[in-house]
$ cat coords-v8.txt   # compact mmCIF, C-alpha atoms
# COMPACT_ATOMS: atom_id res chain seq x y z
CA LYS A 207 0.00 0.00 0.00
CA ASP A 208 2.78 2.44 0.97
CA LEU A 209 4.82 1.68 -2.16
CA ASN A 210 1.80 2.23 -4.40
CA GLU A 211 1.05 5.50 -2.65
CA LEU A 212 4.64 6.75 -3.04
CA LEU A 213 4.77 5.74 -6.70
CA ASP A 214 1.40 7.42 -7.35
CA ARG A 215 3.00 10.62 -6.04
CA LYS A 216 5.96 10.08 -8.45
CA LYS A 217 8.44 9.55 -5.62
CA SER A 218 11.60 7.50 -6.15
CA VAL A 219 11.73 4.21 -4.31
CA GLY A 220 14.69 1.90 -3.85
CA LEU A 221 13.96 -1.81 -3.79
CA ILE A 222 16.53 -4.54 -3.43
CA PRO A 223 15.03 -7.67 -4.99
CA GLY A 224 17.32 -10.02 -3.06
CA GLY A 225 16.45 -11.85 0.08
CA LEU A 226 17.10 -14.98 2.07
CA GLU A 227 18.08 -17.01 -1.01
CA GLU A 228 20.96 -14.68 -1.86
CA ALA A 229 22.10 -14.48 1.75
CA ILE A 230 22.42 -18.22 2.27
CA ASN A 231 23.68 -19.17 -1.19
CA THR A 232 26.71 -16.89 -1.18
CA LYS A 233 29.87 -18.20 -2.83
CA GLN A 234 33.13 -16.36 -3.18
CA ASN A 235 33.94 -14.97 -6.62
CA LYS A 236 30.35 -15.44 -7.76
CA GLU A 237 27.27 -13.23 -7.89
CA THR A 238 24.03 -15.19 -7.65
CA ILE A 239 20.83 -13.27 -8.29
CA PHE A 240 17.42 -14.85 -7.71
CA ILE A 241 15.25 -12.68 -9.93
CA LYS A 242 13.39 -14.99 -12.29
CA LYS A 243 10.64 -15.79 -9.75
CA ARG A 244 10.38 -12.20 -8.52
CA ARG A 245 7.39 -10.22 -9.72
CA GLY A 246 6.74 -7.26 -7.44
CA ILE A 247 9.20 -4.71 -8.80
CA PHE A 248 8.12 -5.42 -12.38
CA GLU A 249 4.42 -5.26 -11.56
CA LEU A 250 4.91 -1.93 -9.77
CA SER A 251 6.94 -0.53 -12.66
CA ILE A 252 4.27 -1.42 -15.22
CA LYS A 253 1.36 -0.29 -13.04
CA HIS A 254 2.87 3.12 -12.26
CA ARG A 255 4.83 3.57 -15.53
CA THR A 256 7.96 4.16 -13.48
CA PRO A 257 11.46 3.17 -14.59
CA ILE A 258 13.62 0.49 -13.03
CA VAL A 259 17.31 1.33 -12.62
CA PRO A 260 19.46 -1.82 -12.69
CA ILE A 261 22.35 -1.82 -10.21
CA MET A 262 25.13 -4.39 -10.12
CA ALA A 263 27.42 -4.85 -7.11
CA ILE A 264 30.47 -7.06 -7.42
CA GLY A 265 32.34 -8.38 -4.42
CA GLU A 266 29.71 -8.72 -1.71
CA SER A 267 30.23 -12.47 -1.58
CA ASP A 268 33.95 -12.12 -0.80
CA PHE A 269 33.77 -10.36 2.56
CA TYR A 270 33.50 -13.48 4.71
CA SER A 271 33.92 -17.24 4.45
CA TYR A 272 31.09 -19.44 5.59
CA PRO A 273 31.10 -22.87 7.23
CA ASN A 274 31.09 -25.72 4.69
CA LEU A 275 28.70 -27.56 7.01
CA SER A 276 26.00 -25.02 6.14
CA LYS A 277 25.91 -26.21 2.51
CA LYS A 278 24.71 -29.68 3.58
CA ILE A 279 21.81 -28.47 5.72
CA THR A 280 18.51 -28.09 3.89
CA SER A 281 16.72 -25.76 6.34
CA LYS A 282 17.18 -22.19 5.13
CA PHE A 283 16.78 -20.75 8.61
CA ILE A 284 19.36 -23.06 10.18
CA ARG A 285 21.75 -22.24 7.34
CA LEU A 286 21.17 -18.53 7.87
CA PHE A 287 21.95 -18.99 11.58
CA LEU A 288 25.17 -20.85 10.72
CA TYR A 289 26.23 -17.88 8.62
CA THR A 290 26.59 -15.94 11.86
CA LEU A 291 29.61 -18.21 12.41
CA SER A 292 31.33 -16.75 9.35
CA TRP A 293 34.88 -15.47 9.52
CA GLY A 294 36.82 -12.80 7.74
CA ASN A 295 40.49 -12.03 8.14
CA LEU A 296 42.67 -14.95 9.29
CA PHE A 297 44.05 -13.11 12.35
CA ILE A 298 41.05 -10.87 13.09
CA PRO A 299 37.98 -12.96 12.19
CA TRP A 300 35.43 -10.14 12.53
CA ARG A 301 37.26 -8.01 9.93
CA PRO A 302 36.23 -8.79 6.34
CA GLN A 303 38.63 -10.56 4.00
CA LYS A 304 38.00 -7.87 1.44
CA ASN A 305 37.20 -4.24 2.00
CA ASN A 306 35.91 -2.98 -1.31
CA ILE A 307 32.89 -3.48 -3.44
CA HIS A 308 32.32 -2.28 -7.00
CA ILE A 309 28.91 -0.84 -7.88
CA MET A 310 27.65 0.19 -11.30
CA PHE A 311 24.32 1.75 -12.25
CA GLY A 312 22.62 0.91 -15.53
CA GLU A 313 20.40 3.06 -17.67
CA PRO A 314 16.80 3.37 -16.45
CA ILE A 315 14.43 0.89 -18.08
CA TYR A 316 11.12 2.57 -18.85
CA PRO A 317 8.17 0.23 -19.28
CA SER A 318 6.34 0.75 -22.56
CA ASP A 319 2.65 0.15 -23.22
CA LYS A 320 3.62 -3.09 -24.96
CA ASP A 321 5.82 -4.44 -22.15
CA SER A 322 4.57 -7.42 -20.25
CA MET A 323 6.12 -8.34 -16.93
CA ARG A 324 8.15 -10.97 -18.79
CA THR A 325 9.62 -8.57 -21.35
CA LEU A 326 10.42 -5.97 -18.68
CA LYS A 327 12.16 -8.64 -16.62
CA GLU A 328 14.14 -9.77 -19.68
CA LYS A 329 15.32 -6.18 -20.26
CA TYR A 330 16.32 -5.92 -16.59
CA ILE A 331 18.23 -9.23 -16.64
CA SER A 332 19.97 -8.27 -19.89
CA SER A 333 21.05 -4.99 -18.33
CA LEU A 334 22.39 -6.79 -15.23
CA LYS A 335 24.41 -9.14 -17.45
CA ASN A 336 25.88 -6.20 -19.36
CA LEU A 337 26.77 -4.39 -16.14
CA HIS A 338 28.43 -7.54 -14.82
CA ILE A 339 30.53 -7.87 -17.99
CA LYS A 340 31.57 -4.19 -17.78
CA LEU A 341 32.52 -4.53 -14.11
CA ASN A 342 34.41 -7.76 -14.75
CA ASN A 343 36.35 -6.06 -17.55
CA LYS A 344 37.01 -2.99 -15.41
CA THR A 345 38.17 -4.93 -12.34
CA ASN A 346 39.73 -7.88 -14.20
CA GLN A 347 38.28 -10.31 -11.64
CA HIS A 348 36.71 -12.93 -13.96
CA ARG A 349 33.76 -13.38 -11.62
CA GLU A 350 30.79 -15.58 -12.41
CA LEU A 351 27.22 -14.34 -12.65
CA VAL A 352 24.35 -16.77 -12.03
CA ILE A 353 20.78 -15.57 -12.51
CA LEU A 354 18.10 -17.88 -11.15
$ encode --input "coords-v8.txt" --output "structure tokens"
Amino acid sequence: KDLNELLDRKKSVGLIPGGLEEAINTKQNKETIFIKKRRGIFELSIKHRTPIVPIMAIGESDFYSYPNLSKKITSKFIRLFLYTLSWGNLFIPWRPQKNNIHIMFGEPIYPSDKDSMRTLKEKYISSLKNLHIKLNNKTNQHRELVIL
């Protein structure tokens, strides 16, 4: 209700489409984005004729290492709890292994009258892939992007 009201008033709103899946499926040197099942941001964009600005961050998954045991447990909530046992720097475990993150903003994607949720999502995913390639080239990290 609040989001609809803000968008009706032409206010800018920031939404991060990630969630629990991204948090517990983190792997170093890999960006995993669970967007294919997401609908809300695309429905709001079409309904209010408001653009979506794709943003790609590279390096979030490299801050801490996580217990290998957590990969074998099927309960998402138990796995999330185990991630509190993560470690960073070898000598100072609460300090991250890495201290930088690269962020790039894409061009706004304006929904057209012809866009369905599917086509808008395809444009968004395509933009994320392009941003990832640009960031990989810029940082020379050869990171993997997985979009689920």
$ residues_around --input "coords-v8.txt" --residues "segment 337-342 of chain A" --least-positions-apart "3" --cutoff "9 Å" --atoms "all atoms listed in the file" --output "mmCIF file with C-alpha atoms, in the frame of the given file"
data_model
loop_
_atom_site.group_PDB
_atom_site.id
_atom_site.type_symbol
_atom_site.label_atom_id
_atom_site.label_comp_id
_atom_site.auth_asym_id
_atom_site.auth_seq_id
_atom_site.Cartn_x
_atom_site.Cartn_y
_atom_site.Cartn_z
ATOM 1 C CA PRO A 260 19.460 -1.820 -12.690
ATOM 2 C CA ILE A 261 22.350 -1.820 -10.210
ATOM 3 C CA MET A 262 25.130 -4.390 -10.120
ATOM 4 C CA ALA A 263 27.420 -4.850 -7.110
ATOM 5 C CA ILE A 264 30.470 -7.060 -7.420
ATOM 6 C CA HIS A 308 32.320 -2.280 -7.000
ATOM 7 C CA ILE A 309 28.910 -0.840 -7.880
ATOM 8 C CA MET A 310 27.650 0.190 -11.300
ATOM 9 C CA PHE A 311 24.320 1.750 -12.250
ATOM 10 C CA GLY A 312 22.620 0.910 -15.530
ATOM 11 C CA SER A 332 19.970 -8.270 -19.890
ATOM 12 C CA SER A 333 21.050 -4.990 -18.330
ATOM 13 C CA LEU A 334 22.390 -6.790 -15.230
ATOM 14 C CA THR A 345 38.170 -4.930 -12.340
ATOM 15 C CA ASN A 346 39.730 -7.880 -14.200
ATOM 16 C CA GLN A 347 38.280 -10.310 -11.640
ATOM 17 C CA HIS A 348 36.710 -12.930 -13.960
ATOM 18 C CA ARG A 349 33.760 -13.380 -11.620
ATOM 19 C CA GLU A 350 30.790 -15.580 -12.410
ATOM 20 C CA LEU A 351 27.220 -14.340 -12.650
#
$ atom_distance --input "coords-v8.txt" --atom1 "atom CA of Phe240 of chain A" --atom2 "atom CA of Gly265 of chain A"
16.6 Å
$ atom_distance --input "coords-v8.txt" --atom1 "atom CA of Ile258 of chain A" --atom2 "atom CA of Ile307 of chain A"
21.9 Å
$ atom_distance --input "coords-v8.txt" --atom1 "atom CA of Thr280 of chain A" --atom2 "atom CA of Glu228 of chain A"
14.8 Å
$ residues_around --input "coords-v8.txt" --residues "Leu212 of chain A" --least-positions-apart "6" --cutoff "12 Å" --atoms "all atoms listed in the file" --output "PyMOL selection string"
chain A and resi 218-220+250+254+256
$ closest_residue --input "coords-v8.txt" --among "A:Glu211, A:Leu221, A:Ile252, A:Ser267" --to "Lys327 of chain A" --atoms "only C-alpha atoms"
A:Ile252
$ axis_aligned_box --input "coords-v8.txt" --around "segment 305-313 of chain A" --padding-each-side "3 Å" --output "AutoDock Vina command-line options"
--center_x 28.8 --center_y -0.6 --center_z -7.8 --size_x 22.8 --size_y 13.3 --size_z 25.7
$ closest_residue --input "coords-v8.txt" --among "A:Phe248, A:Asp268, A:Phe287, A:Val352" --to "Gln234 of chain A" --atoms "all atoms listed in the file"
A:Asp268
$ build_atoms --input "coords-v8.txt" --residues "segment 325-348 of chain A" --atoms "N, CA, C and O atoms" --output "short mmCIF file (atom, residue, chain, number, x, y, z; two decimals), in the coordinates of the input"
data_model
loop_
_atom_site.label_atom_id
_atom_site.label_comp_id
_atom_site.auth_asym_id
_atom_site.auth_seq_id
_atom_site.Cartn_x
_atom_site.Cartn_y
_atom_site.Cartn_z
N THR A 325 8.69 -9.33 -20.51
CA THR A 325 9.62 -8.57 -21.35
C THR A 325 10.39 -7.53 -20.52
O THR A 325 11.57 -7.30 -20.77
N LEU A 326 9.74 -6.93 -19.55
CA LEU A 326 10.42 -5.97 -18.68
C LEU A 326 11.50 -6.68 -17.87
O LEU A 326 12.62 -6.17 -17.73
N LYS A 327 11.18 -7.86 -17.38
CA LYS A 327 12.16 -8.64 -16.62
C LYS A 327 13.33 -9.04 -17.50
O LYS A 327 14.48 -9.00 -17.07
N GLU A 328 13.06 -9.41 -18.75
CA GLU A 328 14.14 -9.77 -19.68
C GLU A 328 15.06 -8.58 -19.93
O GLU A 328 16.29 -8.74 -19.99
N LYS A 329 14.49 -7.38 -20.08
CA LYS A 329 15.32 -6.18 -20.26
C LYS A 329 16.19 -5.94 -19.03
O LYS A 329 17.36 -5.58 -19.14
N TYR A 330 15.61 -6.13 -17.86
CA TYR A 330 16.32 -5.92 -16.59
C TYR A 330 17.48 -6.93 -16.47
O TYR A 330 18.61 -6.55 -16.16
N ILE A 331 17.21 -8.19 -16.74
CA ILE A 331 18.23 -9.23 -16.64
C ILE A 331 19.34 -8.98 -17.66
O ILE A 331 20.53 -9.11 -17.35
N SER A 332 18.98 -8.58 -18.86
CA SER A 332 19.97 -8.27 -19.89
C SER A 332 20.87 -7.12 -19.44
O SER A 332 22.09 -7.16 -19.62
N SER A 333 20.28 -6.11 -18.83
CA SER A 333 21.05 -4.99 -18.33
C SER A 333 22.00 -5.43 -17.21
O SER A 333 23.16 -5.00 -17.17
N LEU A 334 21.52 -6.28 -16.30
CA LEU A 334 22.39 -6.79 -15.23
C LEU A 334 23.58 -7.56 -15.80
O LEU A 334 24.72 -7.41 -15.34
N LYS A 335 23.32 -8.39 -16.82
CA LYS A 335 24.41 -9.14 -17.45
C LYS A 335 25.43 -8.21 -18.07
O LYS A 335 26.64 -8.42 -17.93
N ASN A 336 24.96 -7.16 -18.75
CA ASN A 336 25.88 -6.20 -19.36
C ASN A 336 26.69 -5.45 -18.32
O ASN A 336 27.90 -5.23 -18.49
N LEU A 337 26.05 -5.06 -17.22
CA LEU A 337 26.77 -4.39 -16.14
C LEU A 337 27.83 -5.31 -15.54
O LEU A 337 28.95 -4.87 -15.23
N HIS A 338 27.48 -6.58 -15.39
CA HIS A 338 28.43 -7.54 -14.82
C HIS A 338 29.65 -7.69 -15.74
O HIS A 338 30.79 -7.72 -15.27
N ILE A 339 29.42 -7.76 -17.03
CA ILE A 339 30.53 -7.87 -17.99
C ILE A 339 31.41 -6.62 -17.91
O ILE A 339 32.64 -6.72 -17.86
N LYS A 340 30.79 -5.44 -17.87
CA LYS A 340 31.57 -4.19 -17.78
C LYS A 340 32.40 -4.15 -16.50
O LYS A 340 33.57 -3.77 -16.52
N LEU A 341 31.79 -4.54 -15.38
CA LEU A 341 32.52 -4.53 -14.11
C LEU A 341 33.64 -5.57 -14.11
O LEU A 341 34.73 -5.32 -13.60
N ASN A 342 33.38 -6.73 -14.66
CA ASN A 342 34.41 -7.76 -14.75
C ASN A 342 35.59 -7.26 -15.59
O ASN A 342 36.75 -7.47 -15.23
N ASN A 343 35.29 -6.60 -16.71
CA ASN A 343 36.35 -6.06 -17.55
C ASN A 343 37.12 -4.95 -16.83
O ASN A 343 38.34 -4.87 -16.92
N LYS A 344 36.39 -4.11 -16.11
CA LYS A 344 37.01 -2.99 -15.41
C LYS A 344 37.90 -3.47 -14.26
O LYS A 344 38.98 -2.94 -14.04
N THR A 345 37.43 -4.47 -13.52
CA THR A 345 38.17 -4.93 -12.34
C THR A 345 39.07 -6.12 -12.63
O THR A 345 39.86 -6.50 -11.77
N ASN A 346 38.92 -6.73 -13.80
CA ASN A 346 39.73 -7.88 -14.20
C ASN A 346 39.65 -9.01 -13.17
O ASN A 346 40.67 -9.62 -12.82
N GLN A 347 38.45 -9.29 -12.67
CA GLN A 347 38.28 -10.31 -11.64
C GLN A 347 37.77 -11.64 -12.17
O GLN A 347 37.83 -12.63 -11.47
N HIS A 348 37.23 -11.69 -13.36
CA HIS A 348 36.71 -12.93 -13.96
C HIS A 348 35.72 -13.63 -13.03
O HIS A 348 35.79 -14.82 -12.80
#
